[in-house]
>>> print(open('entry-v7.csv').read())   # CSV, C-alpha atoms
chain,number,residue,atom,x,y,z
R,1,MET,CA,164.1,-79.8,29.1
R,2,PRO,CA,161.6,-77.5,31.1
R,3,ILE,CA,163.0,-75.1,33.7
R,4,ALA,CA,162.4,-76.2,37.3
R,5,PRO,CA,159.9,-74.0,39.1
R,6,PRO,CA,162.4,-72.6,41.7
R,7,ARG,CA,164.8,-71.8,38.9
R,8,ARG,CA,162.0,-70.1,36.9
R,9,LYS,CA,161.3,-67.8,39.9
R,10,ILE,CA,165.0,-66.9,40.2
R,11,ILE,CA,165.1,-66.0,36.5
R,12,ILE,CA,161.9,-63.9,36.7
R,13,SER,CA,163.2,-62.1,39.8
R,14,LEU,CA,166.5,-61.4,38.1
R,15,ALA,CA,164.7,-60.1,34.9
R,16,LEU,CA,162.5,-57.8,37.0
R,17,PHE,CA,165.6,-56.6,38.9
R,18,ALA,CA,167.4,-55.9,35.6
R,19,LEU,CA,164.3,-53.9,34.3
R,20,VAL,CA,164.3,-51.8,37.5
R,21,VAL,CA,168.0,-51.0,37.1
R,22,VAL,CA,167.6,-50.1,33.5
R,23,ALA,CA,164.6,-47.8,34.3
R,24,LEU,CA,166.7,-46.1,37.0
R,25,VAL,CA,169.6,-45.6,34.7
R,26,VAL,CA,167.3,-44.2,32.0
R,27,TYR,CA,165.7,-41.9,34.5
R,28,GLU,CA,169.0,-40.6,35.7
R,29,ILE,CA,170.2,-39.9,32.2
R,30,ALA,CA,167.0,-38.2,31.2
R,31,ARG,CA,166.5,-36.2,34.4
R,32,PRO,CA,167.0,-32.5,33.9
R,33,LYS,CA,170.3,-31.3,35.5
R,34,GLY,CA,171.3,-27.9,36.9
R,35,GLY,CA,168.8,-27.3,39.7
R,36,ILE,CA,166.2,-28.7,42.1
R,37,ILE,CA,162.4,-28.2,42.2
R,38,LEU,CA,161.2,-27.6,45.8
R,39,LYS,CA,158.3,-29.8,46.8
R,40,PHE,CA,155.5,-27.6,48.2
R,41,PRO,CA,151.9,-28.6,48.9
R,42,GLN,CA,149.5,-28.5,46.0
R,43,LYS,CA,147.3,-25.4,45.6
R,44,LEU,CA,149.8,-23.3,47.6
R,45,TYR,CA,150.8,-20.3,45.4
R,46,CYS,CA,154.4,-19.3,46.3
R,47,LEU,CA,156.5,-16.5,44.9
R,48,PRO,CA,160.2,-16.6,46.0
R,49,THR,CA,161.8,-13.3,46.5
R,50,TYR,CA,165.2,-14.0,48.3
R,51,ILE,CA,167.8,-16.7,48.7
R,52,ASN,CA,170.6,-16.3,51.3
R,53,ASP,CA,174.1,-17.9,51.3
R,54,SER,CA,172.9,-20.9,53.3
R,55,GLY,CA,170.3,-21.7,50.5
R,56,GLU,CA,167.4,-20.5,52.6
R,57,VAL,CA,164.5,-19.2,50.5
R,58,LYS,CA,161.9,-16.6,51.5
R,59,GLY,CA,158.9,-15.3,49.7
R,60,PHE,CA,155.1,-14.7,49.7
R,61,SER,CA,152.5,-17.4,49.5
R,62,ALA,CA,148.7,-17.5,49.3
R,63,SER,CA,146.1,-20.2,49.2
R,64,GLU,CA,142.4,-20.6,49.6
R,65,SER,CA,143.0,-24.0,51.0
R,66,TYR,CA,145.3,-22.6,53.7
R,67,GLY,CA,143.0,-19.6,54.3
R,68,GLY,CA,145.0,-16.5,53.5
R,69,GLU,CA,148.3,-15.0,52.8
R,70,TYR,CA,151.6,-16.1,54.3
R,71,ILE,CA,155.3,-15.5,54.3
R,72,PHE,CA,157.1,-18.7,53.6
R,73,THR,CA,160.6,-19.9,54.5
R,74,TRP,CA,162.2,-23.0,53.0
R,75,ASN,CA,165.6,-24.4,54.0
R,76,PRO,CA,167.2,-27.8,53.3
R,77,GLN,CA,167.1,-28.9,56.9
R,78,GLU,CA,163.5,-28.0,57.9
R,79,GLY,CA,161.7,-27.8,54.6
R,80,LEU,CA,158.7,-25.4,54.3
R,81,THR,CA,157.3,-23.2,57.1
R,82,LEU,CA,154.5,-20.7,56.8
R,83,ALA,CA,154.0,-17.6,59.0
R,84,PRO,CA,150.8,-15.5,58.7
R,85,TYR,CA,151.4,-12.4,56.6
R,86,GLU,CA,151.1,-9.1,58.5
R,87,LYS,CA,151.2,-5.7,56.9
R,88,ASP,CA,154.4,-4.5,58.6
R,89,MET,CA,156.3,-7.8,58.1
R,90,GLY,CA,159.3,-7.3,55.9
R,91,LEU,CA,161.2,-9.6,53.6
R,92,PRO,CA,164.8,-9.2,52.6
R,93,PRO,CA,165.0,-7.4,49.3
R,94,PRO,CA,165.8,-9.6,46.3
R,95,THR,CA,169.5,-9.7,45.4
R,96,THR,CA,169.9,-9.5,41.7
R,97,SER,CA,173.7,-9.7,41.7
R,98,ASN,CA,176.4,-11.3,43.9
R,99,SER,CA,180.0,-10.8,45.1
R,100,LYS,CA,181.3,-12.8,42.1
R,101,GLY,CA,179.8,-10.3,39.7
R,102,GLN,CA,177.1,-12.6,38.5
R,103,ARG,CA,173.6,-11.1,37.7
R,104,ILE,CA,170.2,-12.6,37.0
R,105,GLY,CA,168.4,-11.7,33.9
R,106,ILE,CA,165.9,-12.7,31.2
R,107,ILE,CA,166.3,-14.2,27.8
R,108,SER,CA,163.3,-13.8,25.5
R,109,GLU,CA,162.8,-16.4,22.7
R,110,ASN,CA,159.7,-17.0,20.6
R,111,GLY,CA,157.5,-14.8,22.8
R,112,LYS,CA,158.5,-16.6,26.0
R,113,ASN,CA,160.8,-15.4,28.8
R,114,TYR,CA,163.5,-17.6,30.4
R,115,ALA,CA,165.6,-17.2,33.5
R,116,ALA,CA,169.2,-16.4,32.8
R,117,ILE,CA,172.5,-15.7,34.5
R,118,ILE,CA,174.9,-13.0,33.3
R,119,GLN,CA,178.5,-13.9,34.2
R,120,LYS,CA,181.1,-11.3,35.1
R,121,ASN,CA,182.5,-11.6,31.6
R,122,GLU,CA,179.0,-10.6,30.3
R,123,LYS,CA,178.3,-14.0,28.8
R,124,MET,CA,174.6,-14.9,29.3
R,125,HIS,CA,173.4,-18.4,29.9
R,126,LYS,CA,169.8,-19.6,30.0
R,127,LEU,CA,169.1,-21.6,33.1
R,128,PRO,CA,167.7,-25.1,32.7
R,129,LEU,CA,163.9,-25.4,32.4
R,130,LEU,CA,163.8,-28.6,34.5
R,131,GLY,CA,160.7,-29.8,32.7
R,132,GLY,CA,158.9,-26.4,32.6
R,133,ASP,CA,157.8,-24.3,29.6
R,134,TYR,CA,159.2,-21.0,30.8
R,135,SER,CA,161.0,-19.6,33.8
R,136,SER,CA,161.9,-16.5,35.9
R,137,ALA,CA,164.8,-15.8,38.2
R,138,GLN,CA,164.1,-13.8,41.3
R,139,SER,CA,167.3,-13.7,43.5
R,140,ILE,CA,170.9,-14.9,43.5
R,141,ASN,CA,173.3,-15.6,46.5
R,142,ASN,CA,177.1,-15.4,46.8
R,143,LYS,CA,177.4,-19.2,46.2
R,144,GLY,CA,175.9,-18.8,42.7
R,145,GLN,CA,172.5,-20.3,43.6
R,146,VAL,CA,169.5,-18.7,41.9
R,147,VAL,CA,166.0,-19.0,43.2
R,148,GLY,CA,163.0,-18.5,40.8
R,149,PHE,CA,160.2,-20.5,39.3
R,150,ILE,CA,159.2,-22.5,36.3
R,151,SER,CA,155.7,-22.5,34.8
R,152,HIS,CA,153.9,-25.1,32.7
R,153,GLU,CA,151.7,-24.6,29.7
R,154,PRO,CA,148.6,-26.7,29.9
R,155,PRO,CA,148.3,-29.5,27.2
R,156,TRP,CA,146.0,-28.8,24.2
R,157,TRP,CA,143.1,-30.8,25.8
R,158,HIS,CA,143.2,-29.0,29.2
R,159,ASP,CA,140.5,-26.4,28.6
R,160,PHE,CA,138.2,-28.9,26.8
R,161,TRP,CA,138.4,-31.3,29.8
R,162,VAL,CA,137.9,-28.5,32.4
R,163,GLN,CA,134.7,-27.3,30.5
R,164,THR,CA,133.4,-30.9,30.1
R,165,VAL,CA,133.8,-31.6,33.9
R,166,ALA,CA,132.1,-28.3,34.7
R,167,LYS,CA,129.2,-29.0,32.4
R,168,LEU,CA,128.6,-32.4,33.9
R,169,GLY,CA,128.6,-30.9,37.4
R,170,LEU,CA,131.4,-33.2,38.5
R,171,PRO,CA,133.8,-32.2,41.3
R,172,VAL,CA,137.2,-31.0,40.3
R,173,GLU,CA,138.8,-34.2,41.5
R,174,TYR,CA,137.6,-35.7,38.2
R,175,LEU,CA,140.1,-33.5,36.4
R,176,PHE,CA,143.0,-36.0,37.1
R,177,PHE,CA,145.7,-33.5,36.2
R,178,PRO,CA,149.3,-34.4,37.2
R,179,ARG,CA,149.8,-30.8,38.3
R,180,ASP,CA,147.7,-27.6,38.7
R,181,TYR,CA,148.9,-25.4,35.8
R,182,ARG,CA,147.9,-22.2,37.7
R,183,TYR,CA,150.7,-22.7,40.2
R,184,PRO,CA,154.4,-22.3,39.3
R,185,GLU,CA,157.1,-24.6,40.8
R,186,ILE,CA,159.8,-23.0,42.9
R,187,VAL,CA,163.4,-23.8,41.7
R,188,ILE,CA,166.9,-23.4,43.0
R,189,TRP,CA,169.3,-23.4,40.1
R,190,THR,CA,173.1,-24.0,40.4
R,191,VAL,CA,174.8,-21.4,38.2
R,192,PRO,CA,177.3,-22.9,35.7
R,193,PRO,CA,180.9,-21.9,36.2
R,194,GLU,CA,182.1,-18.8,34.3
R,195,GLU,CA,183.6,-19.5,31.0
R,196,GLU,CA,187.0,-17.9,30.3
>>> encode(input="entry-v7.csv", output="C-alpha cells")
Amino acid sequence: MPIAPPRRKIIISLALFALVVVALVVYEIARPKGGIILKFPQKLYCLPTYINDSGEVKGFSASESYGGEYIFTWNPQEGLTLAPYEKDMGLPPPTTSNSKGQRIGIISENGKNYAAIIQKNEKMHKLPLLGGDYSSAQSINNKGQVVGFISHEPPWWHDFWVQTVAKLGLPVEYLFFPRDYRYPEIVIWTVPPEEE
C-alpha cells in the first residue's frame, strides 16, 4: 500500500531532521577542544602580544586593505577594535608566566614549533592545534588562558593554482581558497589543569 502524500512529507521531514542532528553530533565530537579561534576580518594580519585576566587581547595589526598599521584590542563583549598605530603608543609587555607558576614555551617536533605550557611541576603540554599545522604562544594570564596563533600550511596544489591564475591574468577572487594561508589565526587556549 503506497504512503499517502502528507505522510510522505512527514517522513521526509523527520529524515532530514535526523540527518541534521547526526551532522551536529559528529561536528561536536570532531571539533577540536581546548581553545577558541578569534574571528577577525580576512586579510588583516594580527599578532597578539598580551592577554589580561579578563580575557582581553591586545596586539599589532597591519593590512593593505585597511590602509596601515594598527593596535588591536579584542574582548568577549565588544569583539575587535582597531586604533591607528602611533610611534609612542605602548602595549603591555607579554606575560610569559602567571601567578600559578605556569609558563608558556615551545615544543619542537619534526622541524615544526608548537605552542606549549609548562606547569609548576615542570611537566610540559603541547597546546591543541585547533586545525592548524603549527602554533606559537605569546602571553598567559593568571586564569590560565594563553593567547597565540596557529598557522596553516598551504595544500600541495596551492602554488600551482596561484601561478595558473596569475598567468591567465585573472583577479585573485578566482583563487577560491577557504583561507588566506599568509595570515595566522589568533587563538585563546585554555590551559589543562596541572597533573599531580
>>> residues_around(input="entry-v7.csv", residues="Asn98 (chain R)", least_positions_apart="4", cutoff="12 Å", atoms="only C-alpha atoms", output="VMD selection string")
chain R and resid 51 to 53 94 102 to 104 117 to 120 139 to 146 191
>>> closest_residue(input="entry-v7.csv", among="R:Leu47, R:Ala15, R:Ile188, R:Leu127", to="Gly35 (chain R)", atoms="only C-alpha atoms")
R:Ile188
>>> atom_distance(input="entry-v7.csv", atom1="CA of Ile71 (chain R)", atom2="CA of Ile186 (chain R)")
14.4 Å
>>> atom_distance(input="entry-v7.csv", atom1="CA of Trp156 (chain R)", atom2="CA of Gly169 (chain R)")
21.9 Å
>>> residues_near_point(input="entry-v7.csv", point="(161.5, -29.6, 48.2)", cutoff="9 Å", atoms="only C-alpha atoms", output="list in words")
Ile36, Ile37, Leu38, Lys39, Phe40, Trp74, Asn75, Pro76, Gly79, Leu80, Ile186 and Val187 of chain R
>>> residues_around(input="entry-v7.csv", residues="Tyr70 (chain R)", least_positions_apart="2", cutoff="7 Å", atoms="all atoms listed in the file", output="short mmCIF file (atom, residue, chain, number, x, y, z; two decimals) with C-alpha atoms, in the coordinates of the input")
data_model
loop_
_atom_site.label_atom_id
_atom_site.label_comp_id
_atom_site.auth_asym_id
_atom_site.auth_seq_id
_atom_site.Cartn_x
_atom_site.Cartn_y
_atom_site.Cartn_z
CA PHE R 60 155.10 -14.70 49.70
CA SER R 61 152.50 -17.40 49.50
CA ALA R 62 148.70 -17.50 49.30
CA GLY R 68 145.00 -16.50 53.50
CA PHE R 72 157.10 -18.70 53.60
CA LEU R 82 154.50 -20.70 56.80
CA ALA R 83 154.00 -17.60 59.00
CA PRO R 84 150.80 -15.50 58.70
CA TYR R 85 151.40 -12.40 56.60
#
>>> residues_around(input="entry-v7.csv", residues="Glu185 (chain R)", least_positions_apart="4", cutoff="7 Å", atoms="all atoms listed in the file", output="MDAnalysis selection string")
chainID R and resid 37 149:151
>>> atom_distance(input="entry-v7.csv", atom1="CA of Asn121 (chain R)", atom2="CA of Pro92 (chain R)")
27.6 Å
>>> residues_around(input="entry-v7.csv", residues="Pro48 (chain R)", least_positions_apart="3", cutoff="7 Å", atoms="all atoms listed in the file", output="number ranges by chain")
R: 57-60, 138, 147-148
